[in-house]
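A.B. asks: Provided below: protein-v6.cif, containing mmCIF, C-alpha atoms and all ligand atoms.
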data_data
#
loop_
_atom_site.label_atom_id
_atom_site.label_comp_id
_atom_site.auth_asym_id
_atom_site.auth_seq_id
_atom_site.Cartn_x
_atom_site.Cartn_y
_atom_site.Cartn_z
CA MET A 1 -86.14 -114.24 40.96
CA LEU A 2 -87.90 -113.11 44.13
CA SER A 3 -85.88 -115.36 46.43
CA ASP A 4 -82.71 -113.59 45.22
CA TRP A 5 -84.14 -110.30 46.51
CA ILE A 6 -84.82 -111.87 49.89
CA ASP A 7 -81.32 -113.35 50.08
CA ARG A 8 -79.80 -110.03 49.07
CA ALA A 9 -81.84 -108.20 51.73
CA LEU A 10 -80.69 -110.67 54.39
CA ALA A 11 -77.06 -110.29 53.25
CA GLU A 12 -77.36 -106.50 53.51
CA GLU A 13 -78.54 -106.65 57.10
CA GLU A 14 -75.75 -105.46 59.34
CA ASP A 15 -74.30 -108.16 61.56
CA ARG A 16 -74.17 -106.97 65.13
CA GLU A 17 -70.77 -105.39 65.71
CA PRO A 18 -68.93 -107.10 68.60
CA SER A 19 -68.88 -104.82 71.64
CA GLY A 20 -65.20 -105.28 72.47
CA LYS A 21 -66.29 -107.24 75.53
CA LEU A 22 -66.62 -110.94 76.26
CA ALA A 23 -69.91 -112.53 75.23
CA PRO A 24 -71.62 -115.11 77.48
CA SER A 25 -72.85 -116.84 74.30
CA TYR A 26 -69.19 -117.63 73.49
CA LEU A 27 -68.39 -118.92 76.96
CA TYR A 28 -68.63 -122.57 75.98
CA GLY A 29 -66.57 -123.97 73.13
CA CYS A 30 -63.31 -122.55 71.82
CA GLU A 31 -61.65 -119.95 74.06
CA ARG A 32 -59.56 -118.72 71.15
CA ARG A 33 -62.73 -117.93 69.19
CA ALA A 34 -64.21 -116.08 72.19
CA ILE A 35 -61.10 -113.91 72.50
CA LEU A 36 -60.79 -113.25 68.74
CA ARG A 37 -64.39 -112.05 68.80
CA GLN A 38 -63.79 -109.86 71.84
CA ARG A 39 -60.79 -108.29 70.05
CA LYS A 40 -63.04 -107.47 67.04
CA THR A 41 -60.85 -109.57 64.76
CA PRO A 42 -62.19 -109.29 61.18
CA PRO A 43 -63.88 -112.60 60.23
CA THR A 44 -62.51 -114.60 57.30
CA VAL A 45 -65.61 -116.84 56.95
CA PHE A 46 -69.12 -115.47 56.46
CA PRO A 47 -72.51 -117.23 56.59
CA ASP A 48 -73.84 -118.39 53.22
CA ALA A 49 -77.37 -117.59 51.99
CA ARG A 50 -78.89 -120.73 53.48
CA THR A 51 -77.30 -120.14 56.88
CA ARG A 52 -78.64 -116.56 56.88
CA ARG A 53 -82.11 -117.90 56.12
CA VAL A 54 -81.84 -120.41 58.97
CA PHE A 55 -80.81 -117.61 61.38
CA THR A 56 -83.70 -115.46 60.17
CA MET A 57 -86.17 -118.28 60.66
CA GLY A 58 -84.87 -118.69 64.21
CA ASP A 59 -85.38 -114.97 64.85
CA ILE A 60 -88.95 -115.15 63.50
CA VAL A 61 -89.86 -118.11 65.73
CA GLU A 62 -88.20 -116.60 68.81
CA LYS A 63 -90.05 -113.32 68.23
CA PHE A 64 -93.32 -115.27 68.00
CA VAL A 65 -92.63 -116.87 71.40
CA LEU A 66 -91.80 -113.56 73.09
CA ASP A 67 -94.68 -111.68 71.43
CA THR A 68 -97.08 -114.36 72.66
CA LEU A 69 -95.72 -114.29 76.22
CA GLU A 70 -95.89 -110.51 76.15
CA MET A 71 -99.50 -110.62 74.98
CA LYS A 72 -100.25 -112.84 77.97
CA GLY A 73 -98.63 -110.27 80.30
CA LEU A 74 -95.69 -112.44 81.37
CA ILE A 75 -92.82 -110.31 80.03
CA VAL A 76 -91.06 -107.92 82.41
CA GLY A 77 -88.37 -106.92 79.89
CA ARG A 78 -87.12 -107.93 76.43
CA ALA A 79 -83.58 -107.76 75.03
CA VAL A 80 -82.29 -106.82 78.46
CA PRO A 81 -78.60 -105.78 78.48
CA VAL A 82 -76.40 -107.44 81.08
CA GLY A 83 -72.69 -107.17 81.83
CA ASN A 84 -69.84 -105.36 83.53
CA ASP A 85 -66.42 -103.94 82.54
CA LEU A 86 -65.46 -107.19 80.80
CA TRP A 87 -68.72 -108.87 79.78
CA GLN A 88 -71.68 -107.83 77.68
CA GLY A 89 -74.75 -109.80 76.68
CA LEU A 90 -78.40 -109.44 75.81
CA ILE A 91 -80.92 -111.50 77.77
CA ASP A 92 -83.85 -112.58 75.55
CA ALA A 93 -86.38 -111.73 78.24
CA ILE A 94 -87.10 -111.42 81.92
CA VAL A 95 -90.35 -113.18 82.67
CA LYS A 96 -92.71 -113.26 85.63
CA GLU A 97 -94.81 -116.40 85.99
CA ASN A 98 -96.65 -117.68 89.06
CA GLY A 99 -94.94 -115.09 91.27
CA LEU A 100 -91.43 -116.05 90.13
CA THR A 101 -89.28 -113.68 88.07
CA PHE A 102 -86.53 -115.26 85.98
CA ILE A 103 -84.25 -114.93 82.96
CA LEU A 104 -85.59 -116.65 79.83
CA GLU A 105 -83.50 -117.71 76.88
CA VAL A 106 -85.44 -118.92 73.83
CA LYS A 107 -83.64 -121.29 71.48
CA SER A 108 -85.13 -122.48 68.20
CA VAL A 109 -83.93 -125.71 66.59
CA HIS A 110 -85.08 -127.67 63.55
CA SER A 111 -87.51 -130.44 64.33
CA LYS A 112 -85.11 -133.35 63.65
CA ALA A 113 -82.61 -132.04 66.22
CA PHE A 114 -85.44 -131.03 68.54
CA TRP A 115 -87.06 -134.46 68.70
CA HIS A 116 -83.73 -136.28 68.90
CA SER A 117 -82.53 -134.10 71.80
CA ALA A 118 -85.94 -134.07 73.48
CA LYS A 119 -85.99 -137.89 73.47
CA GLU A 120 -82.57 -137.95 75.10
CA ALA A 121 -83.67 -135.35 77.66
CA ARG A 122 -86.76 -137.37 78.52
CA ASN A 123 -84.53 -140.34 79.37
CA GLY A 124 -82.89 -138.02 81.90
CA TYR A 125 -79.53 -137.77 83.70
CA LEU A 126 -77.57 -136.75 80.65
CA SER A 127 -73.91 -135.94 80.98
CA LEU A 128 -71.72 -133.29 79.40
CA GLY A 129 -72.29 -132.68 75.71
CA GLN A 130 -75.49 -134.69 75.37
CA GLY A 131 -79.11 -133.74 74.69
CA MET A 132 -81.15 -130.75 75.86
CA PRO A 133 -80.42 -128.36 77.32
CA TYR A 134 -77.21 -127.91 75.31
CA ASP A 135 -74.10 -127.16 77.33
CA SER A 136 -73.40 -123.88 75.51
CA HIS A 137 -76.92 -122.64 76.36
CA ILE A 138 -76.57 -123.79 79.99
CA TYR A 139 -73.40 -121.73 80.34
CA GLN A 140 -74.87 -118.72 78.54
CA ALA A 141 -78.03 -118.54 80.68
CA SER A 142 -76.08 -119.27 83.89
CA ALA A 143 -73.61 -116.48 83.07
CA TYR A 144 -76.48 -114.04 82.47
CA HIS A 145 -77.93 -114.98 85.85
CA LEU A 146 -74.56 -114.52 87.57
CA LEU A 147 -73.81 -111.21 85.84
CA ARG A 148 -77.27 -109.86 86.59
CA GLY A 149 -76.51 -110.46 90.29
CA ASP A 150 -80.12 -109.93 91.35
CA PRO A 151 -80.94 -111.98 94.45
CA ASP A 152 -84.66 -111.68 93.67
CA LEU A 153 -84.30 -113.55 90.37
CA ALA A 154 -85.33 -117.19 90.41
CA ASN A 155 -83.31 -119.77 88.48
CA PRO A 156 -83.01 -119.11 84.73
CA HIS A 157 -85.14 -120.95 82.17
CA ILE A 158 -84.31 -122.11 78.65
CA LEU A 159 -87.21 -122.74 76.27
CA TYR A 160 -86.49 -124.81 73.17
CA ILE A 161 -88.89 -124.59 70.27
CA SER A 162 -88.99 -126.67 67.13
CA LYS A 163 -89.06 -124.50 64.02
CA ASP A 164 -91.25 -126.92 62.07
CA ASP A 165 -94.04 -127.77 64.48
CA LEU A 166 -93.62 -125.32 67.41
CA ALA A 167 -93.15 -128.22 69.85
CA MET A 168 -91.51 -126.95 73.05
CA GLU A 169 -89.35 -128.18 75.90
CA GLU A 170 -88.61 -125.96 78.90
CA PHE A 171 -85.79 -126.37 81.41
CA VAL A 172 -84.89 -124.67 84.68
CA LEU A 173 -81.22 -124.41 85.60
CA GLY A 174 -79.64 -124.47 89.03
CA ARG A 175 -76.12 -124.55 90.49
CA GLN A 176 -75.53 -126.88 93.40
CA GLN A 177 -72.58 -128.75 94.95
CA GLY A 178 -70.16 -128.27 92.08
CA LEU A 179 -72.76 -129.10 89.42
CA ILE A 180 -75.02 -127.20 87.08
CA VAL A 181 -78.29 -129.09 86.92
CA ALA A 182 -81.28 -128.80 84.61
CA TRP A 183 -84.86 -129.79 85.40
CA ARG A 184 -87.28 -130.45 82.55
CA MET A 185 -90.62 -128.74 83.12
CA VAL A 186 -93.53 -131.14 82.98
CA PRO A 187 -97.06 -130.10 81.97
CA GLY A 188 -99.30 -129.65 84.98
CA ALA A 189 -96.49 -129.91 87.52
CA GLY A 190 -96.24 -126.15 88.20
CA ASP A 191 -92.69 -125.07 89.03
CA VAL A 192 -91.50 -128.62 89.66
CA GLY A 193 -89.53 -130.33 86.95
CA ILE A 194 -87.72 -133.62 86.42
CA LEU A 195 -83.96 -133.69 86.93
CA THR A 196 -82.63 -134.16 83.42
CA LYS A 197 -79.02 -133.13 83.20
CA ARG A 198 -76.09 -132.46 85.49
CA ILE A 199 -72.70 -131.28 84.36
CA PRO A 200 -69.60 -130.13 86.27
CA ASP A 201 -69.97 -126.46 87.23
CA GLU A 202 -67.03 -124.79 85.48
CA LEU A 203 -68.80 -121.45 85.04
CA SER A 204 -66.53 -119.38 87.28
CA GLU A 205 -63.34 -121.04 85.98
CA ARG A 206 -64.33 -120.53 82.35
CA MET A 207 -65.19 -116.89 82.96
CA ALA A 208 -61.95 -116.33 84.90
CA ARG A 209 -59.83 -117.92 82.12
CA LEU A 210 -61.32 -115.65 79.45
CA GLU A 211 -60.97 -112.61 81.70
CA TYR A 212 -57.29 -113.52 82.19
CA TYR A 213 -56.69 -113.45 78.41
CA VAL A 214 -58.42 -110.08 78.09
CA THR A 215 -56.55 -108.42 80.93
CA LYS A 216 -53.20 -109.87 79.78
CA GLY A 217 -53.91 -108.99 76.13
CA GLU A 218 -53.14 -112.56 75.08
CA ILE A 219 -54.78 -114.85 72.53
CA PRO A 220 -55.33 -118.48 73.59
CA PRO A 221 -53.45 -121.12 71.56
CA ILE A 222 -55.23 -123.25 68.95
CA PRO A 223 -56.78 -126.01 71.06
CA PHE A 224 -56.86 -128.68 68.34
CA ALA A 225 -54.23 -130.57 66.36
CA ARG A 226 -56.41 -130.56 63.22
CA PRO A 227 -59.44 -128.50 62.08
CA ASP A 228 -61.64 -131.61 62.00
CA GLU A 229 -60.74 -132.72 65.53
CA HIS A 230 -63.93 -131.23 67.01
CA PRO A 231 -67.20 -132.28 65.31
CA PHE A 232 -68.38 -128.74 64.53
CA LEU A 233 -66.36 -125.89 66.03
CA CYS A 234 -63.88 -125.13 63.22
CA GLN A 235 -65.64 -126.90 60.34
CA LYS A 236 -69.06 -128.20 59.45
CA GLN A 237 -69.26 -130.96 56.85
CA LYS A 238 -65.58 -130.32 56.05
CA GLU A 239 -66.24 -126.66 55.18
CA PRO A 240 -64.80 -123.84 57.35
CA SER A 241 -67.54 -122.60 59.69
CA CYS A 242 -65.72 -120.65 62.42
CA PRO A 243 -65.52 -116.95 61.46
CA TYR A 244 -61.81 -116.97 62.37
CA TYR A 245 -60.91 -120.20 60.59
CA HIS A 246 -58.06 -118.87 58.44
CA TYR A 247 -56.21 -117.36 61.40
CA CYS A 248 -55.88 -120.88 62.80
CA TRP A 249 -55.64 -123.11 59.73
CA GLY A 250 -53.78 -121.00 57.21
CA GLY A 251 -54.09 -118.01 54.95
CA LYS A 252 -54.25 -115.16 57.46
CA ASN A 253 -51.87 -113.77 60.06
CA LEU A 254 -53.18 -112.36 63.31
CA GLU A 255 -52.29 -108.79 64.20
CA LEU A 256 -51.18 -109.15 67.80
S1 LIG B 1 -61.02 -122.10 63.79
FE1 LIG B 1 -61.30 -123.57 65.43
S2 LIG B 1 -59.51 -123.31 66.75
FE2 LIG B 1 -59.66 -121.48 65.48
S3 LIG B 1 -60.83 -120.00 66.68
FE3 LIG B 1 -62.25 -121.10 65.39
S4 LIG B 1 -63.02 -122.80 66.64
FE4 LIG B 1 -61.15 -122.03 67.60
#
Would you put the structure from the file into structure tokens?
Ligand code: SF4
C.D. replies:
Amino acid sequence: MLSDWIDRALAEEEDREPSGKLAPSYLYGCERRAILRQRKTPPTVFPDARTRRVFTMGDIVEKFVLDTLEMKGLIVGRAVPVGNDLWQGLIDAIVKENGLTFILEVKSVHSKAFWHSAKEARNGYLSLGQGMPYDSHIYQASAYHLLRGDPDLANPHILYISKDDLAMEEFVLGRQQGLIVAWRMVPGAGDVGILTKRIPDELSERMARLEYYVTKGEIPPIPFARPDEHPFLCQKQKEPSCPYYHYCWGGKNLEL
């Protein structure tokens, strides 16, 4: 069957080898997972065929967005490396629009999640863990901005796009008075958005905690009493989803 060939081709594609450094995309969530990844711990759980297809679809849609922006002359750089001795990441793009140059992260989501989160975002003033932009993406883009350390860069943007209907929501992030805030861009309002989300600014503390584990050569303890304590980090729909699941919940010993 033809679909088997496609699935096999996707399975054969090399997953990106961890760099041995901390990844801003792992900054939010489980610290243990971030450190196991940094240490290049061999995964015990791998994506199934459907998950690979979902990832591929996301890549296709994100490429469409960046190709289109590039065609319109807005892209300054794509897949821009960022980091230092401890951190390494890849910024989706650096964009120049209306005289402002900024980091852009593109995130594709399926339409059900998109419209649910967009509705929440439109109600505004969301707290930690709710709606768009998602906390993990806020921390990732904010860390890229911090690591880039370029005073000429304007605040980072996150663009969400629905995989089914290409609907989009765009947010600008800022750090102020102990908070990370997100403004939702509104059509026709230029660079002005509507304040949508504000969460405690723990960026520096989170980065410092992970850096501590790396420099000390320690692995953080398991943060949960049970694998189903968090709604999705270790398991999804009662199936192991974290690549390092069996080091925490049985079956595999960690080489320290
Ligand atoms: S299985 Fe759960 S506790 Fe263990 S590293 Fe993964 S997310 Fe963290």
A.B. asks: Put a box with edges along x, y and z around all the listed atoms of ligand LIG 1 (chain B), pad it by 5 Å on each side, then give me its centre and sizes in Å, one decimal, as lines of an AutoDock Vina configuration file.
C.D. replies:
center_x = -61.3
center_y = -121.8
center_z = 65.7
size_x = 13.5
size_y = 13.6
size_z = 13.8
A.B. asks: Counting all atoms listed in the file, which of A:Thr101, A:Gln176, A:Gln38, A:Ser108 gets nearest to Leu86 of chain A?
C.D. replies: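 Using all atoms listed in the file, the shortest distance to Leu86 of chain A belongs to A:Gln38.
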A.B. asks: Give me, as JSON lines, the closest atom pair and its distance (Å, one decimal) for every residue of chain A within a cut-off of 12 Å of ligand LIG 1 (chain B), counting only C-alpha atoms and all ligand atoms, rows sorted by chain and rising number.
C.D. replies:
{"residue": "A:Tyr26", "atom": "CA", "partner": "B:LIG1", "partner_atom": "S4", "distance": 10.6}
{"residue": "A:Tyr28", "atom": "CA", "partner": "B:LIG1", "partner_atom": "S4", "distance": 10.9}
{"residue": "A:Gly29", "atom": "CA", "partner": "B:LIG1", "partner_atom": "S4", "distance": 7.5}
{"residue": "A:Cys30", "atom": "CA", "partner": "B:LIG1", "partner_atom": "FE4", "distance": 4.8}
{"residue": "A:Glu31", "atom": "CA", "partner": "B:LIG1", "partner_atom": "FE4", "distance": 6.8}
{"residue": "A:Arg32", "atom": "CA", "partner": "B:LIG1", "partner_atom": "S3", "distance": 4.8}
{"residue": "A:Arg33", "atom": "CA", "partner": "B:LIG1", "partner_atom": "S3", "distance": 3.8}
{"residue": "A:Ala34", "atom": "CA", "partner": "B:LIG1", "partner_atom": "S3", "distance": 7.6}
{"residue": "A:Ile35", "atom": "CA", "partner": "B:LIG1", "partner_atom": "S3", "distance": 8.4}
{"residue": "A:Leu36", "atom": "CA", "partner": "B:LIG1", "partner_atom": "S3", "distance": 7.1}
{"residue": "A:Arg37", "atom": "CA", "partner": "B:LIG1", "partner_atom": "S3", "distance": 9.0}
{"residue": "A:Gln38", "atom": "CA", "partner": "B:LIG1", "partner_atom": "S3", "distance": 11.8}
{"residue": "A:Thr41", "atom": "CA", "partner": "B:LIG1", "partner_atom": "S3", "distance": 10.6}
{"residue": "A:Pro43", "atom": "CA", "partner": "B:LIG1", "partner_atom": "FE3", "distance": 10.1}
{"residue": "A:Thr44", "atom": "CA", "partner": "B:LIG1", "partner_atom": "S1", "distance": 10.0}
{"residue": "A:Val45", "atom": "CA", "partner": "B:LIG1", "partner_atom": "S1", "distance": 9.8}
{"residue": "A:Ile219", "atom": "CA", "partner": "B:LIG1", "partner_atom": "S3", "distance": 9.9}
{"residue": "A:Pro220", "atom": "CA", "partner": "B:LIG1", "partner_atom": "S3", "distance": 9.0}
{"residue": "A:Pro221", "atom": "CA", "partner": "B:LIG1", "partner_atom": "S2", "distance": 8.0}
{"residue": "A:Ile222", "atom": "CA", "partner": "B:LIG1", "partner_atom": "S2", "distance": 4.8}
{"residue": "A:Pro223", "atom": "CA", "partner": "B:LIG1", "partner_atom": "S2", "distance": 5.8}
{"residue": "A:Phe224", "atom": "CA", "partner": "B:LIG1", "partner_atom": "S2", "distance": 6.2}
{"residue": "A:Ala225", "atom": "CA", "partner": "B:LIG1", "partner_atom": "S2", "distance": 9.0}
{"residue": "A:Arg226", "atom": "CA", "partner": "B:LIG1", "partner_atom": "S2", "distance": 8.6}
{"residue": "A:Pro227", "atom": "CA", "partner": "B:LIG1", "partner_atom": "FE1", "distance": 6.2}
{"residue": "A:Asp228", "atom": "CA", "partner": "B:LIG1", "partner_atom": "FE1", "distance": 8.7}
{"residue": "A:Glu229", "atom": "CA", "partner": "B:LIG1", "partner_atom": "FE1", "distance": 9.2}
{"residue": "A:His230", "atom": "CA", "partner": "B:LIG1", "partner_atom": "FE1", "distance": 8.3}
{"residue": "A:Pro231", "atom": "CA", "partner": "B:LIG1", "partner_atom": "S4", "distance": 10.4}
{"residue": "A:Phe232", "atom": "CA", "partner": "B:LIG1", "partner_atom": "S4", "distance": 8.3}
{"residue": "A:Leu233", "atom": "CA", "partner": "B:LIG1", "partner_atom": "S4", "distance": 4.6}
{"residue": "A:Cys234", "atom": "CA", "partner": "B:LIG1", "partner_atom": "FE1", "distance": 3.7}
{"residue": "A:Gln235", "atom": "CA", "partner": "B:LIG1", "partner_atom": "FE1", "distance": 7.5}
{"residue": "A:Lys236", "atom": "CA", "partner": "B:LIG1", "partner_atom": "S4", "distance": 10.8}
{"residue": "A:Glu239", "atom": "CA", "partner": "B:LIG1", "partner_atom": "S1", "distance": 11.1}
{"residue": "A:Pro240", "atom": "CA", "partner": "B:LIG1", "partner_atom": "S1", "distance": 7.7}
{"residue": "A:Ser241", "atom": "CA", "partner": "B:LIG1", "partner_atom": "S1", "distance": 7.7}
{"residue": "A:Cys242", "atom": "CA", "partner": "B:LIG1", "partner_atom": "FE3", "distance": 4.6}
{"residue": "A:Pro243", "atom": "CA", "partner": "B:LIG1", "partner_atom": "FE3", "distance": 6.6}
{"residue": "A:Tyr244", "atom": "CA", "partner": "B:LIG1", "partner_atom": "FE3", "distance": 5.1}
{"residue": "A:Tyr245", "atom": "CA", "partner": "B:LIG1", "partner_atom": "S1", "distance": 3.7}
{"residue": "A:His246", "atom": "CA", "partner": "B:LIG1", "partner_atom": "S1", "distance": 6.9}
{"residue": "A:Tyr247", "atom": "CA", "partner": "B:LIG1", "partner_atom": "FE2", "distance": 6.7}
{"residue": "A:Cys248", "atom": "CA", "partner": "B:LIG1", "partner_atom": "FE2", "distance": 4.7}
{"residue": "A:Trp249", "atom": "CA", "partner": "B:LIG1", "partner_atom": "S1", "distance": 6.8}
{"residue": "A:Gly250", "atom": "CA", "partner": "B:LIG1", "partner_atom": "S1", "distance": 9.8}
{"residue": "A:Gly251", "atom": "CA", "partner": "B:LIG1", "partner_atom": "S1", "distance": 12.0}
{"residue": "A:Lys252", "atom": "CA", "partner": "B:LIG1", "partner_atom": "FE2", "distance": 11.6}
{"residue": "A:Leu254", "atom": "CA", "partner": "B:LIG1", "partner_atom": "S3", "distance": 11.3}
A.B. asks: Determine, counting only C-alpha atoms, which protein, DNA and RNA residues have an atom within 6 Å of an atom of Ala121 of chain A; residues of the same chain fewer than 6 positions away are not included. Present the result as a PyMOL selection string.
C.D. replies: chain A and resi 131-132+196
A.B. asks: Using all atoms listed in the file, which protein or nucleic acid residues come within 6 Å of Phe102 of chain A? Drop anything in the same chain fewer than 6 positions from it, and give the result as a compact mmCIF listing (two decimals) with C-alpha atoms, keeping the file's coordinate frame.
C.D. replies:
# COMPACT_ATOMS: atom_id res chain seq x y z
CA ILE A 94 -87.10 -111.42 81.92
CA VAL A 95 -90.35 -113.18 82.67
CA LEU A 153 -84.30 -113.55 90.37
CA ALA A 154 -85.33 -117.19 90.41
CA PRO A 156 -83.01 -119.11 84.73
A.B. asks: I need the residue nearest Asp92 of chain A from this list: A:Arg148, A:Arg50, A:Lys63, A:Lys119. Use all atoms listed in the file for the distance.
C.D. replies: A:Lys63
A.B. asks: Applying 8 Å and all atoms listed in the file, which residues near segment 64-74 of chain A remain after dropping the ones on its own chain fewer than 4 positions away? List them as a ChimeraX atom specification.
C.D. replies: /A:60,93,95-97,106
A.B. asks: Rank nothing, just name the residue among A:Leu22, A:Met1, A:Ile75, A:Ile91 nearest to His137 of chain A, using all atoms listed in the file.
C.D. replies: A:Ile91
A.B. asks: Got a sec: who's within 12 Å of Ser136 of chain A, counting only C-alpha atoms, leaving out chain neighbours fewer than 5 positions off, as a list in words?
C.D. replies: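 Selected residues are Ala23, Pro24, Ser25, Tyr26, Leu27, Tyr28, Gly29, Cys30, Glu105, Lys107, Leu128, Gly129, Gln130, Gly131, Ala141, Ser142, Ala143, Ile158, Ile199, Glu202, Leu203, Arg206 and Leu233 of chain A.
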A.B. asks: Keeping C-alpha atoms for every residue in the selection just given, could you write it to a file as a CSV table (one decimal), in the coordinates of the input?
C.D. replies:
chain,number,residue,atom,x,y,z
A,23,ALA,CA,-69.9,-112.5,75.2
A,24,PRO,CA,-71.6,-115.1,77.5
A,25,SER,CA,-72.8,-116.8,74.3
A,26,TYR,CA,-69.2,-117.6,73.5
A,27,LEU,CA,-68.4,-118.9,77.0
A,28,TYR,CA,-68.6,-122.6,76.0
A,29,GLY,CA,-66.6,-124.0,73.1
A,30,CYS,CA,-63.3,-122.6,71.8
A,105,GLU,CA,-83.5,-117.7,76.9
A,107,LYS,CA,-83.6,-121.3,71.5
A,128,LEU,CA,-71.7,-133.3,79.4
A,129,GLY,CA,-72.3,-132.7,75.7
A,130,GLN,CA,-75.5,-134.7,75.4
A,131,GLY,CA,-79.1,-133.7,74.7
A,141,ALA,CA,-78.0,-118.5,80.7
A,142,SER,CA,-76.1,-119.3,83.9
A,143,ALA,CA,-73.6,-116.5,83.1
A,158,ILE,CA,-84.3,-122.1,78.6
A,199,ILE,CA,-72.7,-131.3,84.4
A,202,GLU,CA,-67.0,-124.8,85.5
A,203,LEU,CA,-68.8,-121.4,85.0
A,206,ARG,CA,-64.3,-120.5,82.4
A,233,LEU,CA,-66.4,-125.9,66.0
A.B. asks: Which one of A:Ala113, A:Val82, A:Leu104, A:Ala118 sits closest to Asp150 of chain A if you count all atoms listed in the file?
C.D. replies: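 Counting all atoms listed in the file, the residue closest to Asp150 of chain A is A:Val82.
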A.B. asks: Determine the nearest neighbour of Val181 of chain A from the options A:Glu211, A:Pro133, A:Leu159, A:Gln140, counting all atoms listed in the file.
C.D. replies: A:Pro133
A.B. asks: Please, what distance in Å, to one decimal, runs between atom CA of Gly178 of chain A and atom CA of Asp201 of chain A?
C.D. replies: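 These atoms are spaced 5.2 Å apart.
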A.B. asks: Looking at all atoms listed in the file, which of A:Gln88, A:Asn155, A:Ser117, A:Ser204 is the one that sits closest to Ile103 of chain A?
C.D. replies: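 When distances to Ile103 of chain A are compared using all atoms listed in the file, the smallest one comes from A:Asn155.
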A.B. asks: Would you mind listing what lies within 8 Å of Lys163 of chain A as a list in words, with only C-alpha atoms counted and same-chain residues fewer than 4 positions away left out?
C.D. replies: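 Skipping anything fewer than 4 positions along the chain leaves Met57, Gly58, Val61, Ser108, Val109, His110 and Ser111 of chain A.
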A.B. asks: To one decimal place in Å, what is the distance between atom CA of Lys216 of chain A and atom CA of Leu147 of chain A?
C.D. replies: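 Between atom CA of Lys216 of chain A and atom CA of Leu147 of chain A the gap is 21.5 Å.
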A.B. asks: What does the distance between atom CA of Leu146 of chain A and atom CA of Tyr160 of chain A come to in Å, to one decimal place?
C.D. replies: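 Atom-to-atom, atom CA of Leu146 of chain A to atom CA of Tyr160 of chain A, that is 21.3 Å.
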A.B. asks: Taking the structure I provided as the source, export segment 169-217 of chain A with C-alpha atoms, as an mmCIF file, in the first residue's frame.
C.D. replies:
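Result file selection.cif:
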data_model
loop_
_atom_site.group_PDB
_atom_site.id
_atom_site.type_symbol
_atom_site.label_atom_id
_atom_site.label_comp_id
_atom_site.auth_asym_id
_atom_site.auth_seq_id
_atom_site.Cartn_x
_atom_site.Cartn_y
_atom_site.Cartn_z
ATOM 1 C CA GLU A 169 -3.166 34.354 15.341
ATOM 2 C CA GLU A 170 -0.053 36.431 15.982
ATOM 3 C CA PHE A 171 1.325 37.512 19.352
ATOM 4 C CA VAL A 172 4.125 39.827 20.449
ATOM 5 C CA LEU A 173 5.923 39.034 23.695
ATOM 6 C CA GLY A 174 7.446 41.422 26.193
ATOM 7 C CA ARG A 175 9.053 41.229 29.639
ATOM 8 C CA GLN A 176 8.055 43.862 32.149
ATOM 9 C CA GLN A 177 7.893 44.208 35.947
ATOM 10 C CA GLY A 178 8.330 40.537 36.772
ATOM 11 C CA LEU A 179 5.893 39.388 34.089
ATOM 12 C CA ILE A 180 6.077 38.037 30.575
ATOM 13 C CA VAL A 181 3.201 39.545 28.646
ATOM 14 C CA ALA A 182 1.715 38.733 25.254
ATOM 15 C CA TRP A 183 -0.191 41.105 22.993
ATOM 16 C CA ARG A 184 -2.478 39.688 20.310
ATOM 17 C CA MET A 185 -1.974 41.422 16.977
ATOM 18 C CA VAL A 186 -5.182 42.850 15.583
ATOM 19 C CA PRO A 187 -5.801 43.342 11.842
ATOM 20 C CA GLY A 188 -5.308 46.941 10.801
ATOM 21 C CA ALA A 189 -3.793 48.031 14.115
ATOM 22 C CA GLY A 190 -0.171 48.056 12.885
ATOM 23 C CA ASP A 191 2.289 47.131 15.631
ATOM 24 C CA VAL A 192 -0.252 47.623 18.402
ATOM 25 C CA GLY A 193 -1.871 44.566 19.883
ATOM 26 C CA ILE A 194 -4.305 43.728 22.661
ATOM 27 C CA LEU A 195 -2.888 42.578 25.988
ATOM 28 C CA THR A 196 -3.866 38.924 26.115
ATOM 29 C CA LYS A 197 -1.739 37.038 28.578
ATOM 30 C CA ARG A 198 0.563 37.739 31.488
ATOM 31 C CA ILE A 199 2.483 35.115 33.394
ATOM 32 C CA PRO A 200 5.163 35.343 36.104
ATOM 33 C CA ASP A 201 8.568 35.895 34.493
ATOM 34 C CA GLU A 202 10.578 32.852 35.593
ATOM 35 C CA LEU A 203 12.783 32.801 32.496
ATOM 36 C CA SER A 204 16.090 33.568 34.217
ATOM 37 C CA GLU A 205 15.355 31.238 37.167
ATOM 38 C CA ARG A 206 14.385 28.362 34.885
ATOM 39 C CA MET A 207 17.486 28.817 32.761
ATOM 40 C CA ALA A 208 19.709 29.079 35.857
ATOM 41 C CA ARG A 209 18.230 25.888 37.383
ATOM 42 C CA LEU A 210 18.917 23.857 34.237
ATOM 43 C CA GLU A 211 22.405 25.340 33.940
ATOM 44 C CA TYR A 212 23.053 24.300 37.562
ATOM 45 C CA TYR A 213 22.212 20.656 36.756
ATOM 46 C CA VAL A 214 24.485 20.688 33.710
ATOM 47 C CA THR A 215 27.461 22.211 35.488
ATOM 48 C CA LYS A 216 27.019 19.918 38.525
ATOM 49 C CA GLY A 217 26.478 16.861 36.308
#
